[in-house]
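A.B. asks: To start, I am sharing the structure in question, which I have written as structure tokens.
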Amino acid sequence: MNAPTRLLAACLMTAVPFAVQAQEIDNLTAVYSEDGRYFTEDDVPTYNVAEDGTVDWLTYSGFRRYHSECHVCHGPEGEGSSYAPALKKSAIDMDYYEFRDVVTNGRTKVNAAENFVMPAFGENPNVMCYLDDIYVYLKARGADVVPRGRPGRKESKSDVIREDENACLGH
Ligand code: HEC
């Protein structure tokens with residue numbers, strides 16, 4: 001093999017793993033929907049924004065829930081604060097299950113200089129019953145597909161979402 005051929009062969013060999021990797025990390029694109037909820041190919045909840053800007057129900061609901069339970073520490077719109085990280089970024093970087101785990105069980109970072117506490121929300125139905133909503137909204141913010149502020153056009157809430165919510169809240 002001469003040098004250019006060897007180089008070409010090396011490129012071809014690395015091209016395949018790159019393609020696989022790119023596919024693995026798409027935890028954003030909705031590939032199917034069920035009763036008003038959208039999911040990635042890995043069955044992880046995600047947002048959906050139509051061409052005219054209409055957002056799915058969870059993104060809209062997540063905007064409201066985030067701003068009642070999380071923004072005091074994490075800043076408006078998931079932008080972060082001097083105390084707590086920017087969740088619009090975390091929702092993209094973190095695995096869905098890891099995200100759920102931190103919110104359910106909390107996390108504390110203590111060292112000589114700082115003492116940061118992420119409370120455990122596992123017992124709080126106003127968070128736990130809307131965790132997917134919050135997660136989906138933050139992913140949409142992180143992917144920059146919804147502008148700041150309350151989403152304008154939204155899909156209506158499906159019967160299944162309403163029933164699941166009532167069951168979760170114990171109504
Ligand atoms: C009392 C303040 C406070 C509130 C309220 C709060 N958090 Fe946090 N959160 C924190 C702090 C501080 C950290 C960083 C902890 C650390 O560094 O280990 C954190 C970390 C996180 C992380 C991990 C982020 C990362 O990139 O590692 C997630 C996810 C998270 N919070 C979600 C939420 C959600 C969702 C809500 C609302 C339901 C919420 N938090 C409400 C203080 C708070």
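Residue numbering restarts at 1 in every chain; chains get A, B, ... in the order shown in the structure tokens, and ligands count up from 1 in that same order.
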Among chain A, which ones does DSSP place in helix (DSSP H, G or I), written as a ChimeraX atom specification?
C.D. replies: /A:3-24,57-69,71-74,76-78,87-93,96-105,125-128,131-142,159-169
A.B. asks: Give me the residues within 8 Å of segment 135-138 of chain A as a list in words, counting only C-alpha atoms and dropping any in the same chain fewer than 5 places off.
C.D. replies: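 Once the nearby chain positions are removed, what remains is Pro45, Thr46, Tyr47, Leu58, Thr59, Tyr60, Ser61, Gly62, Phe63, Glu77, Gly78, Leu87, Lys88, Lys89 and Ala91 of chain A.
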A.B. asks: Could those residues be written to a file, using N, CA and C atoms, as an mmCIF file, in the first residue's frame?
C.D. replies:
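Result went into part-v5.cif, see below:
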```cif
data_model
loop_
_atom_site.group_PDB
_atom_site.id
_atom_site.type_symbol
_atom_site.label_atom_id
_atom_site.label_comp_id
_atom_site.auth_asym_id
_atom_site.auth_seq_id
_atom_site.Cartn_x
_atom_site.Cartn_y
_atom_site.Cartn_z
ATOM 1 N N PRO A 45 -38.648 10.081 26.501
ATOM 2 C CA PRO A 45 -39.522 11.213 26.175
ATOM 3 C C PRO A 45 -38.746 12.365 25.536
ATOM 4 N N THR A 46 -39.373 13.009 24.569
ATOM 5 C CA THR A 46 -38.739 14.171 23.950
ATOM 6 C C THR A 46 -39.813 15.151 23.484
ATOM 7 N N TYR A 47 -39.376 16.318 23.033
ATOM 8 C CA TYR A 47 -40.284 17.369 22.591
ATOM 9 C C TYR A 47 -40.675 17.171 21.124
ATOM 10 N N LEU A 58 -46.388 18.331 26.619
ATOM 11 C CA LEU A 58 -45.406 18.204 27.698
ATOM 12 C C LEU A 58 -44.446 19.387 27.748
ATOM 13 N N THR A 59 -44.037 19.879 26.590
ATOM 14 C CA THR A 59 -43.128 21.031 26.574
ATOM 15 C C THR A 59 -43.800 22.236 27.225
ATOM 16 N N TYR A 60 -45.075 22.440 26.885
ATOM 17 C CA TYR A 60 -45.815 23.568 27.443
ATOM 18 C C TYR A 60 -45.995 23.398 28.957
ATOM 19 N N SER A 61 -46.435 22.221 29.349
ATOM 20 C CA SER A 61 -46.663 21.936 30.760
ATOM 21 C C SER A 61 -45.343 22.023 31.532
ATOM 22 N N GLY A 62 -44.266 21.531 30.934
ATOM 23 C CA GLY A 62 -42.952 21.566 31.579
ATOM 24 C C GLY A 62 -42.480 22.980 31.842
ATOM 25 N N PHE A 63 -42.798 23.895 30.940
ATOM 26 C CA PHE A 63 -42.458 25.308 31.147
ATOM 27 C C PHE A 63 -43.070 25.786 32.469
ATOM 28 N N GLU A 77 -35.900 29.715 32.796
ATOM 29 C CA GLU A 77 -35.708 29.100 31.468
ATOM 30 C C GLU A 77 -34.580 28.065 31.426
ATOM 31 N N GLY A 78 -34.173 27.571 32.585
ATOM 32 C CA GLY A 78 -33.109 26.562 32.603
ATOM 33 C C GLY A 78 -31.730 27.107 32.296
ATOM 34 N N LEU A 87 -29.926 23.716 33.633
ATOM 35 C CA LEU A 87 -30.553 22.429 33.332
ATOM 36 C C LEU A 87 -30.881 22.246 31.866
ATOM 37 N N LYS A 88 -30.953 23.335 31.102
ATOM 38 C CA LYS A 88 -31.224 23.150 29.671
ATOM 39 C C LYS A 88 -30.043 22.409 29.027
ATOM 40 N N LYS A 89 -28.883 22.559 29.631
ATOM 41 C CA LYS A 89 -27.709 21.857 29.137
ATOM 42 C C LYS A 89 -27.686 20.435 29.718
ATOM 43 N N ALA A 91 -30.110 18.562 30.609
ATOM 44 C CA ALA A 91 -31.125 17.679 30.027
ATOM 45 C C ALA A 91 -30.636 17.073 28.711
#
```
A.B. asks: If you count only C-alpha atoms and all ligand atoms, which residues end up within 8 Å of ligand 1, as a ChimeraX atom specification?
C.D. replies: /A:65-66,69-74,83-87,89-91,93-94,98-100,102-103,106-109,115-119,121,127-128,131,134-135
A.B. asks: Could the residues in this selection be saved with C-alpha atoms as a compact mmCIF listing (two decimals), in the first residue's frame?
C.D. replies:
```txt
# COMPACT_ATOMS: atom_id res chain seq x y z
CA ARG A 65 -43.84 23.17 36.22
CA TYR A 66 -40.20 24.13 35.88
CA GLU A 69 -40.51 24.11 41.29
CA CYS A 70 -37.00 24.50 39.89
CA HIS A 71 -36.24 28.01 38.70
CA VAL A 72 -35.62 29.45 42.18
CA CYS A 73 -32.29 27.62 42.17
CA HIS A 74 -31.66 26.79 38.53
CA TYR A 83 -25.88 28.28 42.83
CA ALA A 84 -27.13 25.54 40.49
CA PRO A 85 -26.29 24.30 36.98
CA ALA A 86 -28.06 25.25 33.72
CA LEU A 87 -30.55 22.43 33.33
CA LYS A 89 -27.71 21.86 29.14
CA SER A 90 -27.97 19.02 31.68
CA ALA A 91 -31.12 17.68 30.03
CA ASP A 93 -25.91 15.97 28.32
CA MET A 94 -27.38 13.67 30.93
CA GLU A 98 -29.69 9.70 35.40
CA PHE A 99 -31.71 12.93 35.22
CA ARG A 100 -34.69 11.23 36.86
CA VAL A 102 -30.93 13.07 40.56
CA VAL A 103 -34.35 14.71 40.85
CA GLY A 106 -31.19 14.56 45.22
CA ARG A 107 -27.46 15.19 45.27
CA THR A 108 -25.15 17.16 47.52
CA LYS A 109 -21.79 18.59 46.71
CA ASN A 115 -22.12 23.43 50.06
CA PHE A 116 -24.56 22.91 47.19
CA VAL A 117 -27.72 20.95 47.78
CA MET A 118 -30.03 19.53 45.16
CA PRO A 119 -33.07 18.43 47.22
CA PHE A 121 -38.13 15.43 45.14
CA VAL A 127 -42.56 17.34 40.70
CA MET A 128 -42.73 13.57 40.26
CA LEU A 131 -40.96 14.99 35.69
CA ILE A 134 -39.94 19.27 32.94
CA TYR A 135 -37.33 17.09 31.26
```
A.B. asks: For a test of reading the model, state the distance in Å between atom CA of His67 of chain A and atom CA of Gly36 of chain A, rounded to one decimal.
C.D. replies: 22.1 Å
A.B. asks: Need the shell around Val145 of chain A: protein/DNA/RNA residues with any atom at most 9 Å away, counting only C-alpha atoms. Skip same-chain ones fewer than 3 positions apart. Format as a list in words?
C.D. replies: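 Selected residues are Val49, Gly53, Lys139, Ala140, Arg141 and Gly142 of chain A.
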A.B. asks: So what do you get for atom CA of Tyr96 of chain A versus atom CA of Ser156 of chain A, distance-wise?
C.D. replies: 24.6 Å
A.B. asks: Could you tell me how far atom CA of Glu41 of chain A lies from atom CA of Thr104 of chain A, in Å and to one decimal?
C.D. replies: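 Taking atom CA of Glu41 of chain A and atom CA of Thr104 of chain A, their separation equals 24.4 Å.
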A.B. asks: Excluding Asp159 of chain A and its own-chain neighbours fewer than 4 positions away, which residues fall within 9 Å of it when counting only C-alpha atoms? Please give them as a list in words.
C.D. replies: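 Residues meeting the cut-off are Asp35, Gly36, Glu163 and Asp164 of chain A.
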A.B. asks: Could you give me the residues within segment 44-126 of chain A that DSSP places in strand (DSSP E), as a PDB file with C-alpha atoms, in the first residue's frame?
C.D. replies:
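Just written: out.pdb:
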```pdb
ATOM      1  CA  PRO A  45     -39.522  11.213  26.175  1.00  0.00           C
ATOM      2  CA  THR A  46     -38.739  14.171  23.950  1.00  0.00           C
ATOM      3  CA  ARG A 107     -27.464  15.186  45.274  1.00  0.00           C
ATOM      4  CA  THR A 108     -25.152  17.164  47.519  1.00  0.00           C
ATOM      5  CA  LYS A 109     -21.787  18.591  46.713  1.00  0.00           C
ATOM      6  CA  VAL A 110     -19.911  19.593  49.831  1.00  0.00           C
ATOM      7  CA  ASN A 115     -22.124  23.425  50.065  1.00  0.00           C
ATOM      8  CA  PHE A 116     -24.557  22.909  47.187  1.00  0.00           C
ATOM      9  CA  VAL A 117     -27.717  20.946  47.784  1.00  0.00           C
ATOM     10  CA  MET A 118     -30.025  19.532  45.165  1.00  0.00           C
TER      11      MET A 118
END
```
A.B. asks: Within 10 Å of Asp42 of chain A, counting only C-alpha atoms, which residues qualify if same-chain residues fewer than 5 places away don't, as a list of chain:residue names?
C.D. replies: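 So the residues in contact are A:Glu24, A:Asp26, A:Asn27, A:Ala30, A:Val31.
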A.B. asks: Using C-alpha atoms, can you export the residues from the last selection as an mmCIF file, in the first residue's frame?
C.D. replies:
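What ended up in selection-v8.cif:
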```
data_model
loop_
_atom_site.group_PDB
_atom_site.id
_atom_site.type_symbol
_atom_site.label_atom_id
_atom_site.label_comp_id
_atom_site.auth_asym_id
_atom_site.auth_seq_id
_atom_site.Cartn_x
_atom_site.Cartn_y
_atom_site.Cartn_z
ATOM 1 C CA GLU A 24 -26.449 6.669 19.454
ATOM 2 C CA ASP A 26 -29.571 11.386 19.139
ATOM 3 C CA ASN A 27 -31.683 11.624 22.253
ATOM 4 C CA ALA A 30 -38.962 12.347 18.080
ATOM 5 C CA VAL A 31 -39.491 9.239 15.968
#
```
